[in-house]
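Here is the file my_file03.txt (compact mmCIF, C-alpha atoms).
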```
# COMPACT_ATOMS: atom_id res chain seq x y z
CA MET W 168 159.91 -21.31 75.02
CA ARG W 169 159.77 -21.19 78.77
CA TRP W 170 156.42 -21.05 80.57
CA HIS W 171 155.91 -21.67 84.26
CA LEU W 172 152.64 -23.54 84.46
CA SER W 173 151.23 -26.24 82.24
CA GLY W 174 147.89 -24.53 81.60
CA ILE W 175 149.09 -22.59 78.54
CA PRO W 176 146.08 -21.29 76.58
CA GLN W 177 146.13 -22.85 73.12
CA GLN W 178 144.05 -20.12 71.57
CA VAL W 179 143.41 -16.44 72.09
CA ASP W 180 140.54 -14.53 70.48
CA VAL W 181 141.57 -10.95 69.82
CA THR W 182 137.96 -9.72 69.87
CA THR W 183 137.23 -10.93 73.41
CA PHE W 184 140.69 -10.47 75.03
CA ARG W 185 140.77 -7.84 77.79
CA LEU W 186 143.57 -6.33 79.84
CA VAL W 187 142.36 -5.48 83.34
CA VAL W 188 144.00 -2.73 85.40
CA ASP W 189 142.80 -2.53 88.99
CA GLY W 190 143.86 -2.41 92.63
CA HIS W 191 145.07 0.88 94.13
CA VAL W 192 143.81 3.04 91.23
CA THR W 193 141.13 5.68 90.91
CA GLN W 194 139.66 4.23 87.70
CA PRO W 195 139.82 0.46 87.17
CA LEU W 196 140.04 -0.43 83.49
CA SER W 197 139.16 -3.36 81.27
CA LEU W 198 140.59 -2.53 77.87
CA SER W 199 140.19 -4.28 74.55
CA LEU W 200 143.08 -4.71 72.12
CA ALA W 201 141.52 -2.05 69.88
CA GLU W 202 141.78 0.43 72.76
CA LEU W 203 145.32 -0.65 73.65
CA LEU W 204 146.47 -0.21 70.04
CA THR W 205 145.52 3.47 70.19
CA LEU W 206 147.67 4.32 73.22
CA PRO W 207 150.78 6.37 72.29
CA ARG W 208 153.05 3.97 70.41
CA VAL W 209 156.69 3.33 71.32
CA GLU W 210 159.41 1.00 70.06
CA MET W 211 162.47 -0.43 71.72
CA VAL W 212 165.05 -3.08 70.87
CA ALA W 213 165.77 -5.15 73.96
CA VAL W 214 167.37 -8.44 74.95
CA ASN W 215 165.04 -10.98 76.53
CA GLN W 216 167.10 -13.39 78.66
CA CYS W 217 165.95 -16.09 81.03
CA SER W 218 167.11 -15.67 84.65
CA GLY W 219 168.54 -19.17 84.49
CA ASN W 220 170.15 -18.90 81.06
CA SER W 221 173.35 -21.01 81.11
CA ARG W 222 172.31 -22.79 84.34
CA GLY W 223 173.33 -26.15 82.83
CA LEU W 224 176.94 -24.91 82.86
CA PHE W 225 177.09 -24.30 86.62
CA GLN W 226 179.67 -26.27 88.59
CA PRO W 227 178.73 -27.81 90.89
CA ARG W 228 175.49 -28.55 89.05
CA VAL W 229 172.15 -27.24 90.33
CA PRO W 230 168.59 -28.41 89.69
CA GLY W 231 166.25 -26.42 87.43
CA GLY W 232 165.83 -25.79 83.71
CA GLU W 233 169.21 -27.02 82.42
CA TRP W 234 169.85 -24.34 79.83
CA GLY W 235 172.94 -23.92 77.71
CA ASN W 236 173.52 -20.33 76.51
CA GLY W 237 170.51 -20.16 74.21
CA ALA W 238 167.73 -18.94 76.51
CA MET W 239 167.93 -15.41 75.19
CA GLY W 240 166.90 -13.38 72.18
CA ASN W 241 166.84 -9.83 70.88
CA ALA W 242 163.87 -8.16 69.24
CA ARG W 243 162.35 -4.83 68.31
CA TRP W 244 159.31 -4.48 70.55
CA THR W 245 156.41 -2.20 69.53
CA GLY W 246 153.66 -1.26 71.96
CA PHE W 247 152.82 1.34 74.60
CA ARG W 248 154.45 2.61 77.78
CA LEU W 249 153.15 0.98 80.94
CA ARG W 250 153.24 4.48 82.47
CA ASP W 251 150.65 5.76 79.99
CA LEU W 252 148.30 2.92 80.87
CA LEU W 253 148.80 3.41 84.62
CA ASP W 254 148.20 7.15 84.25
CA ARG W 255 144.89 6.43 82.54
CA ALA W 256 143.85 4.30 85.51
CA GLY W 257 145.17 6.90 87.94
CA VAL W 258 147.62 5.50 90.49
CA LYS W 259 146.50 6.47 94.01
CA ALA W 260 148.86 7.82 96.66
CA GLY W 261 150.28 4.99 98.74
CA ALA W 262 150.87 2.66 95.80
CA VAL W 263 154.15 0.76 96.27
CA GLN W 264 154.24 -1.93 93.55
CA VAL W 265 152.53 -3.11 90.41
CA ARG W 266 151.80 -6.84 90.04
CA PHE W 267 151.43 -8.64 86.70
CA ASN W 268 149.60 -11.82 85.79
CA GLY W 269 149.00 -13.55 82.48
CA LEU W 270 146.64 -16.12 81.02
CA GLU W 271 148.64 -19.26 81.85
CA GLY W 272 147.23 -21.24 84.74
CA PRO W 273 148.33 -24.13 86.95
CA ALA W 274 147.30 -27.75 86.41
CA LEU W 275 146.23 -27.88 90.07
CA PRO W 276 144.10 -25.12 91.62
CA ALA W 277 146.33 -24.85 94.69
CA THR W 278 149.56 -24.26 92.76
CA PRO W 279 150.48 -20.58 93.04
CA SER W 280 149.51 -18.59 89.94
CA PHE W 281 152.54 -17.06 88.22
CA LYS W 282 152.66 -13.38 89.22
CA LYS W 283 155.58 -10.91 89.27
CA SER W 284 155.83 -7.37 90.60
CA LEU W 285 157.85 -4.23 90.00
CA SER W 286 158.21 -1.19 92.23
CA ILE W 287 155.78 1.61 91.33
CA ASP W 288 158.66 3.89 90.30
CA HIS W 289 160.14 1.24 88.04
CA ALA W 290 156.74 0.48 86.50
CA ARG W 291 156.28 4.19 85.74
CA ASP W 292 159.83 4.87 84.46
CA GLY W 293 158.70 5.29 80.85
CA GLU W 294 160.87 2.42 79.58
CA VAL W 295 158.83 -0.51 80.90
CA MET W 296 156.34 -1.18 78.13
CA VAL W 297 153.69 -3.59 76.89
CA ALA W 298 154.41 -5.01 73.43
CA TYR W 299 151.99 -6.25 70.78
CA LEU W 300 154.50 -6.50 67.93
CA MET W 301 157.81 -8.36 67.89
CA ASN W 302 160.07 -7.43 64.95
CA GLY W 303 157.14 -5.74 63.23
CA THR W 304 154.59 -8.56 63.45
CA GLN W 305 152.31 -9.95 66.11
CA MET W 306 153.91 -12.47 68.47
CA PRO W 307 153.47 -16.20 68.04
CA LEU W 308 151.19 -17.60 70.74
CA LEU W 309 154.08 -19.21 72.62
CA ASN W 310 155.98 -15.92 72.76
CA GLY W 311 153.10 -14.37 74.69
CA PHE W 312 150.42 -13.30 72.15
CA PRO W 313 148.63 -10.95 72.18
CA ILE W 314 150.60 -8.72 74.57
CA ARG W 315 153.52 -9.18 76.91
CA LEU W 316 155.33 -6.99 79.40
CA ILE W 317 158.78 -5.72 78.38
CA VAL W 318 161.13 -4.80 81.25
CA PRO W 319 164.30 -3.72 79.45
CA GLY W 320 167.54 -4.55 81.21
CA TRP W 321 165.84 -6.95 83.64
CA TYR W 322 165.62 -10.73 83.46
CA SER W 323 162.79 -12.32 81.55
CA THR W 324 160.90 -13.64 84.59
CA TYR W 325 159.28 -10.19 84.71
CA TRP W 326 158.39 -10.14 80.98
CA MET W 327 154.89 -11.52 81.65
CA LYS W 328 153.48 -13.37 78.63
CA MET W 329 149.81 -13.10 77.64
CA LEU W 330 149.60 -10.17 80.07
CA SER W 331 145.98 -9.99 81.22
CA HIS W 332 145.92 -8.40 84.69
CA ILE W 333 147.78 -5.41 86.12
CA GLU W 334 147.15 -4.83 89.81
CA VAL W 335 148.50 -1.76 91.61
CA LEU W 336 149.44 -2.71 95.19
CA ASP W 337 149.61 -0.67 98.39
CA GLN W 338 151.57 -3.47 100.15
CA PRO W 339 154.69 -5.25 98.91
CA ASP W 340 153.84 -8.38 96.93
CA ASP W 341 154.47 -11.54 98.98
CA ASN W 342 153.26 -14.07 96.42
CA PHE W 343 155.40 -17.20 96.05
CA TRP W 344 156.96 -16.10 92.75
CA MET W 345 158.41 -12.96 94.40
CA LYS W 346 158.89 -14.08 98.00
CA THR W 347 160.41 -17.53 97.48
CA ALA W 348 161.16 -18.14 93.81
CA TYR W 349 163.63 -16.19 91.66
CA ARG W 350 165.68 -14.84 94.53
CA ILE W 351 169.42 -14.23 94.35
CA PRO W 352 172.06 -13.79 97.06
CA ASP W 353 172.44 -10.09 97.84
CA THR W 354 176.15 -10.24 96.94
CA PRO W 355 178.24 -8.96 93.99
CA GLY W 356 177.41 -11.03 90.93
CA ALA W 357 174.88 -13.01 93.03
CA ASN W 358 177.85 -15.19 93.93
CA VAL W 359 178.15 -17.43 97.00
CA SER W 360 180.11 -20.59 97.70
CA PRO W 361 178.19 -23.87 97.51
CA THR W 362 178.58 -24.40 101.28
CA GLU W 363 177.56 -20.89 102.31
CA THR W 364 174.28 -20.43 104.22
CA GLY W 365 172.37 -17.71 106.05
CA TYR W 366 172.86 -14.93 103.50
CA LYS W 367 170.22 -12.36 102.59
CA THR W 368 168.38 -12.76 99.29
CA VAL W 369 166.59 -10.28 97.04
CA PRO W 370 164.36 -10.74 93.98
CA ILE W 371 166.44 -11.14 90.82
CA ASN W 372 166.58 -7.87 88.93
CA SER W 373 169.05 -6.26 86.47
CA MET W 374 171.03 -8.17 83.88
CA VAL W 375 174.84 -8.12 83.65
CA PRO W 376 177.19 -7.88 80.63
CA ARG W 377 177.75 -10.91 78.40
CA SER W 378 179.43 -11.59 75.05
CA PHE W 379 179.63 -14.56 72.70
CA VAL W 380 181.43 -15.73 69.57
CA THR W 381 178.76 -16.73 67.07
CA ASN W 382 180.66 -17.77 63.93
CA PHE W 383 182.62 -20.60 65.58
CA LYS W 384 181.93 -23.21 68.20
CA THR W 385 184.43 -25.25 70.19
CA GLY W 386 185.75 -28.08 68.01
CA ASP W 387 185.70 -26.19 64.72
CA THR W 388 188.89 -26.16 62.68
CA VAL W 389 190.87 -23.22 61.25
CA LYS W 390 193.95 -23.10 59.02
CA ALA W 391 197.36 -22.90 60.67
CA GLY W 392 198.95 -19.48 60.63
CA GLU W 393 196.06 -17.77 58.85
CA ALA W 394 193.97 -14.73 59.77
CA VAL W 395 190.71 -15.86 61.37
CA PRO W 396 187.68 -13.53 61.19
CA VAL W 397 185.71 -13.73 64.42
CA ARG W 398 182.32 -12.20 65.08
CA GLY W 399 179.59 -12.32 67.65
CA ILE W 400 177.22 -10.41 69.89
CA ALA W 401 177.52 -8.62 73.20
CA PHE W 402 175.12 -6.84 75.53
CA GLY W 403 175.69 -4.57 78.50
CA GLY W 404 172.95 -6.00 80.72
CA ASP W 405 171.00 -3.00 82.00
CA CYS W 406 172.97 -0.44 80.02
CA GLY W 407 174.92 -0.20 76.77
CA VAL W 408 178.13 -1.85 75.57
CA ALA W 409 181.25 0.30 76.01
CA HIS W 410 183.71 -2.12 74.42
CA VAL W 411 184.32 -5.74 73.51
CA SER W 412 187.81 -7.28 73.61
CA LEU W 413 189.29 -10.57 72.46
CA SER W 414 192.22 -12.56 73.74
CA ALA W 415 193.89 -15.47 71.94
CA ASP W 416 196.51 -16.04 74.65
CA GLY W 417 194.46 -16.74 77.75
CA GLY W 418 194.12 -13.11 78.79
CA THR W 419 197.76 -11.95 78.58
CA THR W 420 196.88 -9.55 75.77
CA TRP W 421 193.53 -8.20 74.57
CA VAL W 422 192.57 -6.63 71.25
CA ALA W 423 189.57 -4.40 70.75
CA ALA W 424 186.71 -5.73 68.60
CA LYS W 425 184.99 -3.41 66.16
CA LEU W 426 181.41 -2.72 67.23
CA GLY W 427 178.54 -2.77 64.75
CA PRO W 428 175.57 -0.36 64.60
CA ASP W 429 174.08 0.76 67.92
CA GLU W 430 170.49 -0.48 68.12
CA GLY W 431 170.01 0.96 71.61
CA LYS W 432 171.42 0.34 75.05
CA TYR W 433 169.26 -2.72 75.75
CA SER W 434 169.98 -4.47 72.44
CA PHE W 435 172.48 -7.08 71.33
CA HIS W 436 175.52 -5.30 69.88
CA ALA W 437 177.27 -7.02 66.98
CA TRP W 438 181.06 -7.06 66.99
CA GLN W 439 183.84 -8.36 64.75
CA ALA W 440 187.58 -8.89 65.05
CA GLU W 441 190.44 -10.83 63.55
CA VAL W 442 192.96 -13.11 65.24
CA THR W 443 195.83 -15.11 63.77
CA ALA W 444 195.78 -18.88 64.15
CA PRO W 445 198.98 -20.41 65.53
CA THR W 446 200.91 -22.89 63.40
CA SER W 447 200.08 -25.81 65.73
CA GLY W 448 198.14 -26.69 68.85
CA VAL W 449 194.77 -25.03 69.38
CA LEU W 450 193.39 -21.49 69.07
CA GLU W 451 191.52 -20.38 72.20
CA ILE W 452 189.45 -17.25 71.60
CA SER W 453 188.06 -15.51 74.67
CA VAL W 454 185.67 -12.57 74.42
CA ARG W 455 184.99 -10.00 77.14
CA CYS W 456 182.44 -7.17 77.32
CA THR W 457 182.66 -3.99 79.38
CA ASN W 458 179.38 -2.07 79.73
CA THR W 459 178.88 1.70 79.90
CA LYS W 460 178.83 1.54 83.72
CA GLY W 461 182.33 0.04 83.63
CA GLU W 462 181.22 -3.45 84.66
CA MET W 463 183.41 -6.04 83.00
CA GLN W 464 182.97 -9.79 82.62
CA SER W 465 185.41 -11.85 84.66
CA TRP W 466 187.01 -15.25 84.14
CA THR W 467 185.48 -16.77 87.25
CA PRO W 468 181.92 -18.03 86.88
CA ASN W 469 179.53 -17.11 89.67
CA TRP W 470 177.60 -19.69 91.70
CA ASN W 471 174.27 -19.63 93.56
CA PRO W 472 171.86 -22.45 94.32
CA GLY W 473 169.27 -21.17 91.83
CA GLY W 474 171.66 -21.20 88.89
CA TYR W 475 171.05 -17.51 88.09
CA MET W 476 172.95 -14.69 86.37
CA ARG W 477 175.88 -16.53 84.82
CA ASN W 478 178.07 -14.07 82.86
CA CYS W 479 181.69 -15.26 82.88
CA ILE W 480 184.05 -14.76 79.92
CA GLU W 481 183.24 -17.26 77.14
CA THR W 482 185.99 -19.14 75.29
CA VAL W 483 185.83 -21.16 72.09
CA VAL W 484 188.62 -23.68 71.44
CA LEU W 485 189.41 -24.22 67.77
CA ASN W 486 191.53 -26.98 66.23
CA ILE W 487 194.37 -26.17 63.84
CA ALA W 488 194.59 -27.94 60.48
CA MET M 1 96.27 -27.82 39.86
CA ILE M 2 98.10 -31.00 40.74
CA ALA M 3 101.06 -30.03 38.50
CA LEU M 4 101.31 -26.61 40.19
CA ASN M 5 101.32 -28.22 43.65
CA ARG M 6 104.11 -30.55 42.55
CA VAL M 7 106.18 -27.62 41.27
CA LEU M 8 105.62 -25.71 44.50
CA PHE M 9 106.45 -28.82 46.54
CA PHE M 10 109.70 -29.48 44.69
CA GLY M 11 110.49 -25.78 44.77
CA ALA M 12 110.11 -25.80 48.55
CA ILE M 13 112.44 -28.79 48.89
CA ILE M 14 115.08 -27.25 46.64
CA GLY M 15 114.75 -23.95 48.44
CA SER M 16 115.26 -25.50 51.87
CA CYS M 17 118.24 -27.54 50.59
CA LEU M 18 119.85 -24.38 49.28
CA ALA M 19 119.20 -22.65 52.57
CA LEU M 20 120.84 -25.53 54.45
CA ILE M 21 123.88 -25.47 52.16
CA ALA M 22 124.20 -21.71 52.43
CA GLY M 23 123.99 -21.96 56.22
CA GLU M 24 126.68 -24.67 56.26
CA MET M 25 129.02 -22.61 54.12
CA ALA M 26 128.54 -19.56 56.32
CA ALA M 27 129.27 -21.62 59.43
CA ARG M 28 132.41 -23.09 57.83
CA ALA M 29 133.59 -19.62 56.82
CA ALA M 30 133.14 -18.45 60.41
CA ASP M 31 135.09 -21.49 61.68
CA THR M 32 138.02 -21.08 59.32
CA ALA M 33 138.45 -17.29 59.15
CA PRO M 34 140.16 -16.12 62.36
CA THR M 35 138.81 -12.96 63.96
CA THR M 36 140.84 -9.78 63.75
CA VAL M 37 141.12 -6.42 65.46
CA THR M 38 142.44 -3.35 63.64
CA ALA M 39 143.27 0.02 65.18
CA ALA M 40 145.84 2.75 64.60
CA GLY M 41 147.26 0.98 61.58
CA VAL M 42 147.89 -2.38 63.26
CA THR M 43 145.87 -5.57 62.71
CA LEU M 44 146.03 -8.40 65.23
CA THR M 45 144.66 -11.80 64.21
CA SER M 46 143.43 -14.46 66.64
CA GLU M 47 145.88 -17.32 67.05
CA SER M 48 145.77 -20.92 68.10
CA VAL M 49 148.36 -23.63 68.54
CA VAL M 50 148.32 -27.33 69.30
CA LEU M 51 150.91 -28.16 71.92
CA PRO M 52 152.65 -31.50 71.68
CA GLY M 53 151.64 -33.98 74.36
CA SER M 54 154.01 -36.45 75.93
CA ALA M 55 152.96 -39.98 76.76
CA GLU M 56 156.45 -40.92 77.92
CA LEU M 57 156.70 -42.63 81.30
CA PHE M 58 159.60 -42.82 83.72
CA PRO M 59 161.61 -45.90 82.74
CA GLY M 60 162.31 -48.79 85.09
CA GLY M 61 159.05 -50.70 85.38
CA ALA M 62 157.97 -51.45 88.96
CA ALA M 63 160.69 -49.23 90.48
CA ALA M 64 159.18 -46.23 88.67
CA GLN M 65 155.60 -46.94 89.66
CA ALA M 66 155.25 -44.36 92.46
CA THR M 67 157.04 -41.74 90.34
CA ASN M 68 154.79 -42.36 87.34
CA ALA M 69 151.69 -42.27 89.53
CA ASN M 70 152.58 -38.97 91.23
CA CYS M 71 154.98 -36.96 89.10
CA LEU M 72 153.36 -36.36 85.71
CA THR M 73 150.46 -34.08 86.71
CA CYS M 74 152.17 -30.78 85.99
CA HIS M 75 155.21 -31.59 83.84
CA SER M 76 156.47 -34.32 81.56
CA VAL M 77 159.28 -36.80 82.27
CA GLU M 78 161.80 -34.72 80.34
CA MET M 79 161.95 -31.99 82.99
CA VAL M 80 163.02 -34.63 85.52
CA LEU M 81 165.24 -36.83 83.34
CA ASN M 82 167.18 -33.74 82.22
CA GLN M 83 168.32 -32.91 85.76
CA PRO M 84 171.95 -33.45 86.72
CA ALA M 85 172.87 -36.23 89.13
CA LEU M 86 171.70 -34.99 92.53
CA SER M 87 172.21 -36.45 95.99
CA LYS M 88 169.39 -38.22 97.81
CA ALA M 89 169.10 -35.21 100.14
CA ALA M 90 168.79 -32.87 97.17
CA TRP M 91 166.06 -35.04 95.63
CA GLN M 92 164.24 -35.18 98.97
CA ALA M 93 164.29 -31.36 98.98
CA GLU M 94 162.90 -31.25 95.44
CA VAL M 95 160.03 -33.61 96.28
CA THR M 96 159.29 -31.60 99.44
CA LYS M 97 159.19 -28.45 97.30
CA MET M 98 156.69 -30.05 94.92
CA ILE M 99 154.40 -30.91 97.84
CA LYS M 100 154.78 -27.84 100.05
CA LEU M 101 155.15 -25.02 97.50
CA TYR M 102 153.52 -26.32 94.32
CA LYS M 103 150.81 -28.29 96.24
CA ALA M 104 151.34 -31.56 94.36
CA PRO M 105 148.97 -34.17 95.78
CA ILE M 106 151.67 -36.75 96.55
CA SER M 107 150.84 -39.17 99.34
CA GLU M 108 153.42 -39.30 102.14
CA THR M 109 153.71 -43.10 101.83
CA ASP M 110 154.88 -42.74 98.21
CA VAL M 111 157.63 -40.23 98.94
CA PRO M 112 160.43 -42.67 99.93
CA ALA M 113 159.98 -44.74 96.76
CA ILE M 114 159.97 -41.58 94.62
CA VAL M 115 163.12 -40.18 96.27
CA ASP M 116 164.91 -43.54 95.91
CA TYR M 117 164.01 -43.73 92.24
CA LEU M 118 165.17 -40.18 91.49
CA ALA M 119 168.41 -40.61 93.45
CA ASN M 120 169.23 -43.77 91.49
CA MET M 121 168.47 -42.21 88.10
CA LYS M 122 172.00 -41.01 87.45
CA GLU M 123 175.36 -41.82 88.96
CA ASN M 124 176.65 -39.14 91.27
CA PRO M 125 180.07 -37.80 90.25
```
Final structure tokens representation of the file:
Amino acid sequence: MRWHLSGIPQQVDVTTFRLVVDGHVTQPLSLSLAELLTLPRVEMVAVNQCSGNSRGLFQPRVPGGEWGNGAMGNARWTGFRLRDLLDRAGVKAGAVQVRFNGLEGPALPATPSFKKSLSIDHARDGEVMVAYLMNGTQMPLLNGFPIRLIVPGWYSTYWMKMLSHIEVLDQPDDNFWMKTAYRIPDTPGANVSPTETGYKTVPINSMVPRSFVTNFKTGDTVKAGEAVPVRGIAFGGDCGVAHVSLSADGGTTWVAAKLGPDEGKYSFHAWQAEVTAPTSGVLEISVRCTNTKGEMQSWTPNWNPGGYMRNCIETVVLNIA
Amino acid sequence: MIALNRVLFFGAIIGSCLALIAGEMAARAADTAPTTVTAAGVTLTSESVVLPGSAELFPGGAAAQATNANCLTCHSVEMVLNQPALSKAAWQAEVTKMIKLYKAPISETDVPAIVDYLANMKENP
């Protein structure tokens, strides 16, 4: 589980925990969990993916958390709309952003506290929510108990764990974690060449489509000439999955996968398909997702110095027996 | 009269022992039963966790001395050892980032030894 600072609280008392809402509001709040539980309740299934998921696969390599593809998960989140909480505090005219902070703290007092911000319109869009249940039960401490921010369709850096302070701002947030950290090249797919310099950067934001085979990994063996059932998951990024396709011939031909039940546009979408193993050699299965905005994964992996937003077509290579 | 006093005396001792035991049990119950909050049909229960510590040091003996002295305040060795092979310039930039942005109290005189150590950790491709 990824935290930013080493001062992770090792206990939280639900009776004394408070969520503070202040800054550019008419009515600052300090709410107990009992009060938060009574706000209008909403549920959403949404993918939680680290900004640097798959960073370990970048070529050339970049420093940072050297993830494989596993820094992501999908869950049903239960809680309240951030908008309803902000409306209770009363956002004043001139508010531009909302900044979030949690209970984790730095080992050294001078290290910048981990804070992230959203635009006021995004914060009030009715989809951004605060969750107190994950898949129907309270979150484990390391997942952000007792409450965490859910920003569906956006990378997990914004999904503040142990959310404790919401500050409405009348100036754009220039804290380190927005101004310097977690910034991507302002280019399609956040892609630049390793020697490129001088390009504009923006804070990382929406996710992009991805898809994976989950019932095989490279190196597994299948029987020559036989039908091979393949299944996996896909997600559209910041919108739903339109279709998932498979190729067993390096992209010359594609077959449509059958999609499973729709759990919502921000959720993993299960898929299944069947390919035929050749009689010799290897079976290379590539999977490609197109989202409902028409964005499609490509063969070429992106590159940026931060190791963010990888989403190229994934291929598993199976041996023939 | 003496017999009655003895009974009262022993009674007082037994009574105070029972009170002590009852107090102990109540305190233990408060320690072990986590607090809860219930509202609108949901109950949240206080949680705690013990995070694993890491006593691991950077390997290499004397060559790792400056790195061990300066680079374990905020993260364990694994975060560093897990990095890909990076050039000396790239490691210099990382150490500068630790000092300038994360405010690590690394003395300037230690920086060259730290950068050398990190750059020699893995063979560059």
(message) Could you tell me how far atom CA of Pro361 of chain W sits from atom CA of Thr96 of chain M, in Å to one decimal place?
(response) 20.5 Å
Per residue of chain W within 8 Å of chain M, record the nearest atom pair and its distance in Å to one decimal, counting all atoms listed in the file, with rows in chain order and ascending residue number, as a Markdown table.
```
| residue | atom | partner | partner_atom | distance |
| --- | --- | --- | --- | --- |
| W:Leu172 | CA | M:Cys74 | CA | 7.4 |
| W:Ser173 | CA | M:Cys74 | CA | 6.0 |
| W:Gln177 | CA | M:Val49 | CA | 5.2 |
| W:Gln178 | CA | M:Ser48 | CA | 4.0 |
| W:Val179 | CA | M:Glu47 | CA | 5.7 |
| W:Asp180 | CA | M:Ser46 | CA | 4.8 |
| W:Val181 | CA | M:Ser46 | CA | 5.1 |
| W:Thr182 | CA | M:Val37 | CA | 6.4 |
| W:Leu200 | CA | M:Val37 | CA | 7.1 |
| W:Ala201 | CA | M:Ala39 | CA | 5.4 |
| W:Glu202 | CA | M:Ala39 | CA | 7.7 |
| W:Leu204 | CA | M:Ala39 | CA | 5.8 |
| W:Thr205 | CA | M:Ala40 | CA | 5.6 |
| W:Arg228 | CA | M:Pro84 | CA | 6.5 |
| W:Val229 | CA | M:Pro84 | CA | 7.2 |
| W:Pro230 | CA | M:Gln83 | CA | 6.0 |
| W:Gly231 | CA | M:Gln83 | CA | 7.0 |
| W:Gly232 | CA | M:Met79 | CA | 7.3 |
| W:Glu233 | CA | M:Gln83 | CA | 6.8 |
| W:Pro273 | CA | M:Cys74 | CA | 7.7 |
| W:Ala274 | CA | M:Cys74 | CA | 5.8 |
| W:Leu275 | CA | M:Ala104 | CA | 7.6 |
| W:Ala277 | CA | M:Lys103 | CA | 5.9 |
| W:Thr278 | CA | M:Tyr102 | CA | 4.7 |
| W:Pro279 | CA | M:Tyr102 | CA | 6.6 |
| W:Gln305 | CA | M:Leu44 | CA | 6.5 |
| W:Pro307 | CA | M:Glu47 | CA | 7.7 |
| W:Leu308 | CA | M:Glu47 | CA | 6.5 |
| W:Phe312 | CA | M:Glu47 | CA | 7.9 |
| W:Pro313 | CA | M:Leu44 | CA | 7.8 |
| W:Phe343 | CA | M:Leu101 | CA | 8.0 |
```
Keeping C-alpha atoms, export the residues of the selection given above as a PDB file, in the frame of the given file.
```pdb
ATOM      1  CA  LEU W 172     152.640 -23.540  84.460  1.00  0.00           C
ATOM      2  CA  SER W 173     151.230 -26.240  82.240  1.00  0.00           C
ATOM      3  CA  GLN W 177     146.130 -22.850  73.120  1.00  0.00           C
ATOM      4  CA  GLN W 178     144.050 -20.120  71.570  1.00  0.00           C
ATOM      5  CA  VAL W 179     143.410 -16.440  72.090  1.00  0.00           C
ATOM      6  CA  ASP W 180     140.540 -14.530  70.480  1.00  0.00           C
ATOM      7  CA  VAL W 181     141.570 -10.950  69.820  1.00  0.00           C
ATOM      8  CA  THR W 182     137.960  -9.720  69.870  1.00  0.00           C
ATOM      9  CA  LEU W 200     143.080  -4.710  72.120  1.00  0.00           C
ATOM     10  CA  ALA W 201     141.520  -2.050  69.880  1.00  0.00           C
ATOM     11  CA  GLU W 202     141.780   0.430  72.760  1.00  0.00           C
ATOM     12  CA  LEU W 204     146.470  -0.210  70.040  1.00  0.00           C
ATOM     13  CA  THR W 205     145.520   3.470  70.190  1.00  0.00           C
ATOM     14  CA  ARG W 228     175.490 -28.550  89.050  1.00  0.00           C
ATOM     15  CA  VAL W 229     172.150 -27.240  90.330  1.00  0.00           C
ATOM     16  CA  PRO W 230     168.590 -28.410  89.690  1.00  0.00           C
ATOM     17  CA  GLY W 231     166.250 -26.420  87.430  1.00  0.00           C
ATOM     18  CA  GLY W 232     165.830 -25.790  83.710  1.00  0.00           C
ATOM     19  CA  GLU W 233     169.210 -27.020  82.420  1.00  0.00           C
ATOM     20  CA  PRO W 273     148.330 -24.130  86.950  1.00  0.00           C
ATOM     21  CA  ALA W 274     147.300 -27.750  86.410  1.00  0.00           C
ATOM     22  CA  LEU W 275     146.230 -27.880  90.070  1.00  0.00           C
ATOM     23  CA  ALA W 277     146.330 -24.850  94.690  1.00  0.00           C
ATOM     24  CA  THR W 278     149.560 -24.260  92.760  1.00  0.00           C
ATOM     25  CA  PRO W 279     150.480 -20.580  93.040  1.00  0.00           C
ATOM     26  CA  GLN W 305     152.310  -9.950  66.110  1.00  0.00           C
ATOM     27  CA  PRO W 307     153.470 -16.200  68.040  1.00  0.00           C
ATOM     28  CA  LEU W 308     151.190 -17.600  70.740  1.00  0.00           C
ATOM     29  CA  PHE W 312     150.420 -13.300  72.150  1.00  0.00           C
ATOM     30  CA  PRO W 313     148.630 -10.950  72.180  1.00  0.00           C
ATOM     31  CA  PHE W 343     155.400 -17.200  96.050  1.00  0.00           C
TER      32      PHE W 343
END
```
(request) Could you check which of W:Gln464, W:Ser331, W:Gln216, W:Ser434 is closest to Lys282 of chain W, using only C-alpha atoms? (result)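 Closest candidate: W:Ser331.
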(request) Quick one: everything within 10 Å of Asp429 of chain W, counting all atoms listed in the file, minus sequence neighbours fewer than 6 positions away in the same chain. Send it as a list in words. (result)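 Near neighbours after the sequence-gap exclusion: Gly407, Val408, Phe435, His436 and Ala437 of chain W.
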(request) Could you jot down the atom CA of Met301 of chain W to atom CA of Leu249 of chain W separation for me, Å, one decimal place? (result)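 Result for atom CA of Met301 of chain W versus atom CA of Leu249 of chain W: 16.7 Å, one decimal.
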